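One file, data.csv, is given below (CSV, C-alpha atoms and all ligand atoms).
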```csv
chain,number,residue,atom,x,y,z
E,28,MET,CA,0.0,0.0,0.0
E,29,PRO,CA,1.4,3.5,-0.8
E,30,THR,CA,2.0,6.1,1.9
E,31,PHE,CA,-0.5,9.0,2.0
E,32,ARG,CA,-0.1,12.5,3.2
E,33,LEU,CA,-3.2,14.8,3.0
E,34,THR,CA,-2.4,18.6,3.2
E,35,TYR,CA,-5.1,21.1,3.9
E,36,PHE,CA,-6.0,23.9,6.4
E,37,ASP,CA,-7.0,23.0,10.0
E,38,ALA,CA,-10.6,23.1,8.9
E,39,PRO,CA,-13.2,20.7,7.4
E,40,GLY,CA,-13.7,22.4,4.0
E,41,ARG,CA,-12.9,20.3,1.0
E,42,ALA,CA,-10.6,18.0,3.0
E,43,GLU,CA,-13.1,16.6,5.5
E,44,PRO,CA,-14.8,14.2,3.0
E,45,ILE,CA,-11.4,13.0,2.0
E,46,ARG,CA,-10.4,12.4,5.6
E,47,VAL,CA,-13.6,10.5,6.3
E,48,ALA,CA,-13.2,8.4,3.1
E,49,LEU,CA,-9.6,7.5,4.0
E,50,PHE,CA,-10.8,6.5,7.5
E,51,LEU,CA,-13.7,4.4,6.1
E,52,ALA,CA,-11.4,2.8,3.6
E,53,LYS,CA,-9.0,2.0,6.4
E,54,LEU,CA,-6.1,3.7,4.6
E,55,PRO,CA,-3.7,5.2,7.2
E,56,PHE,CA,-2.6,8.8,6.3
E,57,GLU,CA,-0.8,11.8,7.6
E,58,ASP,CA,-3.3,14.5,8.2
E,59,ARG,CA,-1.2,17.6,7.6
E,60,ARG,CA,-3.1,20.7,8.7
E,61,LEU,CA,-1.5,24.1,7.8
E,62,LYS,CA,-2.0,27.5,9.3
E,63,PHE,CA,-2.7,30.1,6.6
E,64,PRO,CA,0.9,31.7,6.8
E,65,GLU,CA,2.4,28.2,6.5
E,66,PHE,CA,0.2,27.6,3.5
E,67,MET,CA,1.2,30.9,1.8
E,68,ALA,CA,4.9,30.2,2.4
E,69,LEU,CA,4.7,26.7,0.9
E,70,LYS,CA,2.6,28.0,-1.9
E,71,GLN,CA,5.3,30.6,-2.7
E,72,GLN,CA,7.8,27.8,-2.7
E,73,GLY,CA,5.7,26.0,-5.4
E,74,ALA,CA,4.7,23.1,-3.0
E,75,PHE,CA,1.3,22.8,-4.6
E,76,PRO,CA,0.9,21.9,-8.3
E,77,LEU,CA,-2.0,24.3,-8.8
E,78,GLY,CA,-1.4,26.6,-5.8
E,79,SER,CA,-4.3,25.1,-3.9
E,80,VAL,CA,-5.2,22.4,-1.4
E,81,PRO,CA,-6.3,19.7,-0.6
E,82,MET,CA,-3.3,17.9,-2.0
E,83,LEU,CA,-2.8,14.2,-1.5
E,84,GLU,CA,0.8,12.9,-1.7
E,85,VAL,CA,0.8,9.3,-2.8
E,86,ASP,CA,4.3,7.9,-2.1
E,87,GLY,CA,5.5,11.5,-2.2
E,88,ARG,CA,3.8,12.3,-5.6
E,89,ALA,CA,1.6,15.4,-5.3
E,90,ILE,CA,-2.0,15.0,-6.6
E,91,VAL,CA,-4.8,17.6,-6.4
E,92,GLN,CA,-8.5,17.9,-7.2
E,93,THR,CA,-10.9,16.9,-4.5
E,94,ALA,CA,-13.3,14.7,-6.5
E,95,ALA,CA,-10.5,12.8,-8.2
E,96,ILE,CA,-8.9,12.1,-4.8
E,97,LEU,CA,-12.3,10.9,-3.4
E,98,ARG,CA,-12.8,8.5,-6.4
E,99,TYR,CA,-9.2,7.2,-6.0
E,100,VAL,CA,-9.7,6.5,-2.3
E,101,ALA,CA,-13.0,4.7,-3.0
E,102,ARG,CA,-11.4,2.6,-5.8
E,103,LEU,CA,-8.4,1.7,-3.6
E,104,GLY,CA,-9.9,0.9,-0.3
E,105,ALA,CA,-13.6,0.8,-0.2
E,106,PRO,CA,-15.4,-0.2,-3.4
E,107,ALA,CA,-18.8,0.3,-1.8
E,108,LEU,CA,-18.1,4.0,-1.6
E,109,TYR,CA,-18.5,4.3,-5.4
E,110,PRO,CA,-21.3,2.4,-7.2
E,111,SER,CA,-20.6,-0.2,-9.9
E,112,ASP,CA,-23.8,0.7,-11.8
E,113,PRO,CA,-22.9,3.3,-14.4
E,114,TYR,CA,-26.0,5.5,-13.9
E,115,ALA,CA,-25.5,5.5,-10.1
E,116,GLY,CA,-21.8,6.5,-10.8
E,117,LEU,CA,-23.0,9.4,-13.0
E,118,VAL,CA,-25.3,10.6,-10.2
E,119,VAL,CA,-22.4,10.4,-7.7
E,120,ASP,CA,-20.1,12.3,-10.0
E,121,SER,CA,-22.7,14.9,-10.8
E,122,VAL,CA,-23.3,15.6,-7.1
E,123,LEU,CA,-19.5,15.8,-6.5
E,124,ASP,CA,-19.1,18.4,-9.2
E,125,THR,CA,-22.2,20.3,-8.1
E,126,PHE,CA,-20.8,20.8,-4.6
E,127,ASN,CA,-17.0,21.0,-5.4
E,128,ASP,CA,-17.5,23.3,-8.3
E,129,THR,CA,-20.9,25.1,-8.6
E,130,VAL,CA,-21.7,25.5,-4.9
E,131,SER,CA,-18.0,26.1,-3.8
E,132,HIS,CA,-17.5,28.9,-6.3
E,133,ALA,CA,-20.8,30.5,-5.5
E,134,MET,CA,-20.0,30.4,-1.8
E,135,THR,CA,-16.5,31.8,-1.9
E,136,PRO,CA,-17.2,35.6,-1.9
E,137,SER,CA,-19.5,35.3,1.2
E,138,LEU,CA,-16.7,33.4,3.0
E,139,PHE,CA,-14.4,36.4,2.7
E,140,GLU,CA,-17.1,39.0,3.5
E,141,ARG,CA,-16.3,40.8,6.8
E,142,ASP,CA,-19.6,42.8,7.2
E,143,PRO,CA,-22.0,40.4,9.1
E,144,ALA,CA,-25.2,42.0,7.6
E,145,LYS,CA,-23.7,41.8,4.1
E,146,LYS,CA,-22.7,38.2,4.7
E,147,ILE,CA,-26.2,37.3,5.7
E,148,GLU,CA,-27.6,39.1,2.7
E,149,MET,CA,-25.2,37.2,0.4
E,150,ARG,CA,-26.2,33.9,2.0
E,151,ARG,CA,-29.9,34.7,1.5
E,152,ALA,CA,-29.1,35.3,-2.2
E,153,LEU,CA,-27.3,32.0,-2.4
E,154,VAL,CA,-30.3,30.1,-1.0
E,155,ASP,CA,-32.6,31.9,-3.4
E,156,GLY,CA,-30.1,31.3,-6.3
E,157,PRO,CA,-27.4,28.7,-7.0
E,158,LEU,CA,-27.3,26.9,-3.6
E,159,GLY,CA,-31.1,26.5,-3.7
E,160,ALA,CA,-30.9,25.2,-7.2
E,161,ALA,CA,-28.2,22.7,-6.1
E,162,LEU,CA,-30.2,21.5,-3.1
E,163,ARG,CA,-33.4,21.1,-5.3
E,164,TYR,CA,-31.4,19.2,-7.8
E,165,VAL,CA,-30.0,16.8,-5.2
E,166,GLU,CA,-33.4,16.4,-3.6
E,167,GLY,CA,-34.8,15.3,-7.0
E,168,LEU,CA,-31.9,12.8,-7.5
E,169,ILE,CA,-32.4,10.9,-4.1
E,170,GLY,CA,-34.7,7.9,-4.6
E,171,ASP,CA,-35.9,5.7,-1.7
E,172,GLY,CA,-32.7,6.6,0.2
E,173,PRO,CA,-31.5,6.8,2.7
E,174,PHE,CA,-28.4,7.7,0.7
E,175,LEU,CA,-28.1,9.2,-2.7
E,176,THR,CA,-28.1,6.0,-4.7
E,177,GLY,CA,-29.8,3.7,-2.2
E,178,ALA,CA,-28.8,1.9,0.9
E,179,GLU,CA,-25.0,2.2,0.5
E,180,LEU,CA,-23.0,5.2,1.6
E,181,THR,CA,-20.9,6.7,-1.3
E,182,ILE,CA,-18.4,9.4,-1.6
E,183,ALA,CA,-21.2,11.8,-2.7
E,184,ASP,CA,-23.0,11.0,0.5
E,185,ILE,CA,-19.9,11.9,2.5
E,186,VAL,CA,-19.9,15.4,0.7
E,187,LEU,CA,-23.6,15.8,1.2
E,188,GLY,CA,-23.6,14.5,4.8
E,189,GLU,CA,-20.7,16.9,5.7
E,190,THR,CA,-22.6,19.7,4.0
E,191,CYS,CA,-25.7,19.0,6.2
E,192,ARG,CA,-23.6,18.7,9.3
E,193,GLN,CA,-22.0,22.1,8.5
E,194,TYR,CA,-25.3,23.9,7.9
E,195,ARG,CA,-26.8,22.4,11.1
E,196,SER,CA,-23.8,23.3,13.2
E,197,GLY,CA,-24.3,27.0,12.5
E,198,ALA,CA,-20.7,27.4,11.4
E,199,LEU,CA,-21.8,29.2,8.3
E,200,ASP,CA,-23.8,32.4,9.1
E,201,GLY,CA,-27.1,32.5,7.4
E,202,LEU,CA,-27.2,28.7,6.8
E,203,SER,CA,-28.8,26.3,9.3
E,204,ALA,CA,-31.1,23.3,9.7
E,205,GLU,CA,-33.8,25.6,8.3
E,206,THR,CA,-31.9,25.8,5.0
E,207,LEU,CA,-32.5,22.0,4.7
E,208,ALA,CA,-36.2,22.1,5.7
E,209,PRO,CA,-37.6,22.3,2.2
E,210,PHE,CA,-35.5,19.2,1.3
E,211,PRO,CA,-36.7,16.3,3.5
E,212,LYS,CA,-34.8,13.6,1.5
E,213,LEU,CA,-31.6,15.5,1.9
E,214,ALA,CA,-32.2,16.1,5.6
E,215,ARG,CA,-32.9,12.4,6.1
E,216,LEU,CA,-29.6,11.6,4.2
E,217,GLY,CA,-27.9,14.0,6.6
E,218,ASP,CA,-29.4,12.0,9.6
E,219,ALA,CA,-28.4,8.7,8.0
E,220,TYR,CA,-24.9,9.9,7.4
E,221,ALA,CA,-24.5,11.2,11.0
E,222,ALA,CA,-25.7,7.8,12.3
E,223,HIS,CA,-23.6,5.6,10.0
E,224,PRO,CA,-21.4,3.4,12.2
E,225,GLY,CA,-18.2,4.3,10.3
E,226,VAL,CA,-18.9,8.1,10.5
E,227,VAL,CA,-19.7,7.7,14.2
E,228,ALA,CA,-16.4,5.9,14.7
E,229,TYR,CA,-14.6,8.7,12.7
E,230,ALA,CA,-16.1,11.3,15.0
E,231,ALA,CA,-15.1,9.3,18.1
E,232,ARG,CA,-11.5,8.6,17.0
F,1,LIG,N1,-10.6,22.3,-7.9
F,1,LIG,C1,-9.9,22.3,-6.6
F,1,LIG,C2,-10.1,23.6,-5.9
F,1,LIG,C3,-9.2,23.7,-4.7
F,1,LIG,C4,-9.4,25.0,-3.9
F,1,LIG,O1,-10.0,26.0,-4.4
F,1,LIG,N2,-8.8,25.0,-2.7
F,1,LIG,C5,-8.9,26.3,-1.9
F,1,LIG,C6,-9.2,25.9,-0.5
F,1,LIG,S1,-10.8,25.1,-0.3
F,1,LIG,C7,-7.5,26.9,-1.8
F,1,LIG,O2,-6.5,26.2,-1.8
F,1,LIG,N3,-7.5,28.2,-1.7
F,1,LIG,C8,-6.3,29.0,-1.5
F,1,LIG,C9,-5.6,29.5,-2.7
F,1,LIG,O3,-6.0,29.1,-3.8
F,1,LIG,O4,-4.6,30.2,-2.5
F,1,LIG,C10,-10.5,21.1,-5.9
F,1,LIG,O5,-11.6,20.6,-6.1
F,1,LIG,O6,-9.7,20.5,-5.0
```
Produce structure tokens that represent the structure in this file.
Ligand SMILES: N[C@@H](CCC(=O)N[C@@H](CS)C(=O)NCC(=O)O)C(=O)O
Amino acid sequence: MPTFRLTYFDAPGRAEPIRVALFLAKLPFEDRRLKFPEFMALKQQGAFPLGSVPMLEVDGRAIVQTAAILRYVARLGAPALYPSDPYAGLVVDSVLDTFNDTVSHAMTPSLFERDPAKKIEMRRALVDGPLGAALRYVEGLIGDGPFLTGAELTIADIVLGETCRQYRSGALDGLSAETLAPFPKLARLGDAYAAHPGVVAYAAR
């Protein structure tokens, strides 16, 4: 088995689903968490191929792009985390891109907004716009559940479950359990994720 080192900030963000997937796949890894000045210094030294994190080093080789890393972890250590059915795989990939690309980019300006009132206004616009569209899209994709493609937890469920957890925690001003209220299937997925034995074990580690 290769050695793994995951580099990110000391925050959940894009890295938390990768950390959870590595844990569920029983793949030991070094969880390297950088303070922002350390990140900037390393970035200036060219430590990150595209200047961004998360970065997974596989036997010392630097690999970036969150969704690709998640699929690799699923392929390597936990086949159940990625469906073998091609349509189910398409749904998983579409949800990963929706959250890692569309939602992340839409969210970024509000993360840097310092004025609390403006931040809340930006979050309201997100819920009325791209975030709401993404949540409606996911709600429509979930079938009988509890997870996105059925009974098995996939890497897309990890991303969705962490998203639900983050909104419910109140860590993002203007987003809360109420944001999920119009999306009962997604809210149920969030509950099933939080109760998954592997996720419970990850939280207790
Ligand atoms: N497409 C990349 C985007 C990575 C990304 O935007 N990372 C942010 C943190 S979440 C970052 O490193 N920002 C700091 C910077 O670009 O200087 C992925 O999906 O992993």
Practice item. Dig up all the protein and nucleic acid residues within 9 Å of (-7.4, 21.4, 13.4) in the file frame, using all atoms listed in the file, and format them as a ChimeraX atom specification. Key: /E:36-39,60-61
Counting only C-alpha atoms and all ligand atoms, which residues of chain E fall within 7 Å of ligand LIG 1 (chain F), and what is the closest atom pair for each with its distance in Å at one decimal, ordered by chain and rising number, as JSON lines?
```
{"residue": "E:Gly40", "atom": "CA", "partner": "F:LIG1", "partner_atom": "S1", "distance": 5.8}
{"residue": "E:Arg41", "atom": "CA", "partner": "F:LIG1", "partner_atom": "S1", "distance": 5.4}
{"residue": "E:Gly78", "atom": "CA", "partner": "F:LIG1", "partner_atom": "O3", "distance": 5.6}
{"residue": "E:Ser79", "atom": "CA", "partner": "F:LIG1", "partner_atom": "O2", "distance": 3.2}
{"residue": "E:Val80", "atom": "CA", "partner": "F:LIG1", "partner_atom": "O2", "distance": 4.0}
{"residue": "E:Pro81", "atom": "CA", "partner": "F:LIG1", "partner_atom": "O6", "distance": 5.6}
{"residue": "E:Val91", "atom": "CA", "partner": "F:LIG1", "partner_atom": "O6", "distance": 5.9}
{"residue": "E:Gln92", "atom": "CA", "partner": "F:LIG1", "partner_atom": "O6", "distance": 3.6}
{"residue": "E:Thr93", "atom": "CA", "partner": "F:LIG1", "partner_atom": "O6", "distance": 3.8}
{"residue": "E:Ala94", "atom": "CA", "partner": "F:LIG1", "partner_atom": "O5", "distance": 6.2}
{"residue": "E:Asn127", "atom": "CA", "partner": "F:LIG1", "partner_atom": "O5", "distance": 5.5}
{"residue": "E:Asp128", "atom": "CA", "partner": "F:LIG1", "partner_atom": "O5", "distance": 6.9}
```
At a cut-off of 9 Å, can you tabulate as a tab-separated table every residue of segment 121-212 of chain E near segment 219-228 of chain E together with its closest atom pair and the distance in Å to one decimal, using all atoms listed in the file and ordering rows by chain then number?
```
residue	atom	partner	partner_atom	distance
E:Pro173	CA	E:Ala219	CA	6.4
E:Phe174	CA	E:Ala219	CA	7.4
E:Leu180	CA	E:Tyr220	CA	7.7
E:Asp184	CA	E:Tyr220	CA	7.2
E:Ile185	CA	E:Tyr220	CA	7.3
E:Leu187	CA	E:Tyr220	CA	8.7
E:Gly188	CA	E:Tyr220	CA	5.4
E:Glu189	CA	E:Tyr220	CA	8.3
E:Arg192	CA	E:Ala221	CA	7.7
```
**Study point:** Residue among E:Gly177, E:Pro44, E:Asp200, E:Leu49 lying closest to Phe126 of chain E, counting all atoms listed in the file
**Key:** E:Pro44
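Atom CA of Ala178 of chain E sits 15.3 Å away from atom CA of Ala214 of chain E.
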**Study point:** Residue among E:Pro29, E:Gly201, E:Gly104, E:Gly116 lying closest to Met149 of chain E, counting only C-alpha atoms
**Key:**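 When distances to Met149 of chain E are compared using only C-alpha atoms, the smallest one comes from E:Gly201.
Closest approach to Glu179 of chain E from the set E:Ala74, E:Val119, E:Ala42, E:Ile96 is made by E:Val119, with distances taken over all atoms listed in the file.
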Check your understanding: Between E:Val118, E:Ile90, E:Ala152, E:Ala52, which has the minimum distance to Pro106 of chain E (counting all atoms listed in the file)?
Key ->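 Counting all atoms listed in the file, the residue closest to Pro106 of chain E is E:Ala52.
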Point to revise | Interatomic distance, atom CA of Arg150 of chain E to atom CA of Leu207 of chain E (Å, one decimal) | key: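 Atom CA of Leu207 of chain E lies 13.7 Å from atom CA of Arg150 of chain E.
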Exercise for review: Enter the distance from atom CA of Val47 of chain E to atom CA of Arg163 of chain E, in Å, rounded to one decimal.
Suggested key: 25.3 Å
Review point. Pick the closest to Leu103 of chain E from E:Met134, E:Ala48, E:Asp142, E:Glu148: which is it, counting all atoms listed in the file?
Key: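 Once distances to Leu103 of chain E are computed over all atoms listed in the file, the minimum belongs to E:Ala48.
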Hey, could you patch up segment 55-85 of chain E with N, CA and C atoms and hand it over as a PDB file, in the frame of the given file?
```pdb
ATOM      1  N   PRO E  55      -4.350   4.290   6.289  1.00  0.00           N
ATOM      2  CA  PRO E  55      -3.700   5.200   7.200  1.00  0.00           C
ATOM      3  C   PRO E  55      -3.071   6.394   6.395  1.00  0.00           C
ATOM      4  N   PHE E  56      -3.154   7.599   6.960  1.00  0.00           N
ATOM      5  CA  PHE E  56      -2.600   8.800   6.300  1.00  0.00           C
ATOM      6  C   PHE E  56      -2.124   9.804   7.267  1.00  0.00           C
ATOM      7  N   GLU E  57      -1.179  10.625   6.818  1.00  0.00           N
ATOM      8  CA  GLU E  57      -0.800  11.800   7.600  1.00  0.00           C
ATOM      9  C   GLU E  57      -1.689  12.923   7.339  1.00  0.00           C
ATOM     10  N   ASP E  58      -2.318  13.452   8.378  1.00  0.00           N
ATOM     11  CA  ASP E  58      -3.300  14.500   8.200  1.00  0.00           C
ATOM     12  C   ASP E  58      -2.585  15.853   8.496  1.00  0.00           C
ATOM     13  N   ARG E  59      -2.001  16.411   7.444  1.00  0.00           N
ATOM     14  CA  ARG E  59      -1.200  17.600   7.600  1.00  0.00           C
ATOM     15  C   ARG E  59      -2.064  18.855   7.505  1.00  0.00           C
ATOM     16  N   ARG E  60      -2.165  19.589   8.624  1.00  0.00           N
ATOM     17  CA  ARG E  60      -3.100  20.700   8.700  1.00  0.00           C
ATOM     18  C   ARG E  60      -2.249  22.010   8.831  1.00  0.00           C
ATOM     19  N   LEU E  61      -2.364  22.891   7.837  1.00  0.00           N
ATOM     20  CA  LEU E  61      -1.500  24.100   7.800  1.00  0.00           C
ATOM     21  C   LEU E  61      -2.268  25.316   8.309  1.00  0.00           C
ATOM     22  N   LYS E  62      -1.519  26.160   9.037  1.00  0.00           N
ATOM     23  CA  LYS E  62      -2.000  27.500   9.300  1.00  0.00           C
ATOM     24  C   LYS E  62      -1.848  28.321   8.057  1.00  0.00           C
ATOM     25  N   PHE E  63      -2.668  29.403   7.916  1.00  0.00           N
ATOM     26  CA  PHE E  63      -2.700  30.100   6.600  1.00  0.00           C
ATOM     27  C   PHE E  63      -1.261  30.651   6.262  1.00  0.00           C
ATOM     28  N   PRO E  64      -0.475  31.234   7.213  1.00  0.00           N
ATOM     29  CA  PRO E  64       0.900  31.700   6.800  1.00  0.00           C
ATOM     30  C   PRO E  64       1.771  30.571   6.322  1.00  0.00           C
ATOM     31  N   GLU E  65       1.630  29.380   6.944  1.00  0.00           N
ATOM     32  CA  GLU E  65       2.400  28.200   6.500  1.00  0.00           C
ATOM     33  C   GLU E  65       2.028  27.860   5.050  1.00  0.00           C
ATOM     34  N   PHE E  66       0.698  27.876   4.808  1.00  0.00           N
ATOM     35  CA  PHE E  66       0.200  27.600   3.500  1.00  0.00           C
ATOM     36  C   PHE E  66       0.790  28.546   2.456  1.00  0.00           C
ATOM     37  N   MET E  67       0.733  29.856   2.786  1.00  0.00           N
ATOM     38  CA  MET E  67       1.200  30.900   1.800  1.00  0.00           C
ATOM     39  C   MET E  67       2.709  30.697   1.561  1.00  0.00           C
ATOM     40  N   ALA E  68       3.476  30.376   2.638  1.00  0.00           N
ATOM     41  CA  ALA E  68       4.900  30.200   2.400  1.00  0.00           C
ATOM     42  C   ALA E  68       5.184  29.018   1.515  1.00  0.00           C
ATOM     43  N   LEU E  69       4.483  27.908   1.761  1.00  0.00           N
ATOM     44  CA  LEU E  69       4.700  26.700   0.900  1.00  0.00           C
ATOM     45  C   LEU E  69       4.196  26.975  -0.504  1.00  0.00           C
ATOM     46  N   LYS E  70       3.090  27.723  -0.618  1.00  0.00           N
ATOM     47  CA  LYS E  70       2.600  28.000  -1.900  1.00  0.00           C
ATOM     48  C   LYS E  70       3.607  28.837  -2.740  1.00  0.00           C
ATOM     49  N   GLN E  71       4.235  29.819  -2.044  1.00  0.00           N
ATOM     50  CA  GLN E  71       5.300  30.600  -2.700  1.00  0.00           C
ATOM     51  C   GLN E  71       6.465  29.794  -3.139  1.00  0.00           C
ATOM     52  N   GLN E  72       6.703  28.719  -2.370  1.00  0.00           N
ATOM     53  CA  GLN E  72       7.800  27.800  -2.700  1.00  0.00           C
ATOM     54  C   GLN E  72       7.446  26.855  -3.839  1.00  0.00           C
ATOM     55  N   GLY E  73       6.186  26.897  -4.278  1.00  0.00           N
ATOM     56  CA  GLY E  73       5.700  26.000  -5.400  1.00  0.00           C
ATOM     57  C   GLY E  73       5.400  24.597  -4.882  1.00  0.00           C
ATOM     58  N   ALA E  74       4.990  24.491  -3.590  1.00  0.00           N
ATOM     59  CA  ALA E  74       4.700  23.100  -3.000  1.00  0.00           C
ATOM     60  C   ALA E  74       3.455  22.513  -3.568  1.00  0.00           C
ATOM     61  N   PHE E  75       2.549  23.351  -4.110  1.00  0.00           N
ATOM     62  CA  PHE E  75       1.300  22.800  -4.600  1.00  0.00           C
ATOM     63  C   PHE E  75       1.153  22.974  -6.082  1.00  0.00           C
ATOM     64  N   PRO E  76       0.907  21.883  -6.801  1.00  0.00           N
ATOM     65  CA  PRO E  76       0.900  21.900  -8.300  1.00  0.00           C
ATOM     66  C   PRO E  76       0.085  23.047  -8.874  1.00  0.00           C
ATOM     67  N   LEU E  77      -1.120  23.286  -8.299  1.00  0.00           N
ATOM     68  CA  LEU E  77      -2.000  24.300  -8.800  1.00  0.00           C
ATOM     69  C   LEU E  77      -2.170  25.476  -7.840  1.00  0.00           C
ATOM     70  N   GLY E  78      -1.331  25.495  -6.808  1.00  0.00           N
ATOM     71  CA  GLY E  78      -1.400  26.600  -5.800  1.00  0.00           C
ATOM     72  C   GLY E  78      -2.476  26.415  -4.799  1.00  0.00           C
ATOM     73  N   SER E  79      -3.192  25.284  -4.838  1.00  0.00           N
ATOM     74  CA  SER E  79      -4.300  25.100  -3.900  1.00  0.00           C
ATOM     75  C   SER E  79      -4.276  23.768  -3.229  1.00  0.00           C
ATOM     76  N   VAL E  80      -5.083  23.665  -2.185  1.00  0.00           N
ATOM     77  CA  VAL E  80      -5.200  22.400  -1.400  1.00  0.00           C
ATOM     78  C   VAL E  80      -6.738  22.092  -1.394  1.00  0.00           C
ATOM     79  N   PRO E  81      -7.139  20.865  -1.145  1.00  0.00           N
ATOM     80  CA  PRO E  81      -6.300  19.700  -0.600  1.00  0.00           C
ATOM     81  C   PRO E  81      -5.378  19.166  -1.689  1.00  0.00           C
ATOM     82  N   MET E  82      -4.285  18.617  -1.136  1.00  0.00           N
ATOM     83  CA  MET E  82      -3.300  17.900  -2.000  1.00  0.00           C
ATOM     84  C   MET E  82      -3.055  16.548  -1.257  1.00  0.00           C
ATOM     85  N   LEU E  83      -3.127  15.480  -2.029  1.00  0.00           N
ATOM     86  CA  LEU E  83      -2.800  14.200  -1.500  1.00  0.00           C
ATOM     87  C   LEU E  83      -1.465  13.730  -2.085  1.00  0.00           C
ATOM     88  N   GLU E  84      -0.497  13.451  -1.218  1.00  0.00           N
ATOM     89  CA  GLU E  84       0.800  12.900  -1.700  1.00  0.00           C
ATOM     90  C   GLU E  84       0.702  11.377  -1.599  1.00  0.00           C
ATOM     91  N   VAL E  85       0.905  10.729  -2.728  1.00  0.00           N
ATOM     92  CA  VAL E  85       0.800   9.300  -2.800  1.00  0.00           C
ATOM     93  C   VAL E  85       2.289   8.798  -3.053  1.00  0.00           C
TER      94      VAL E  85
END
```
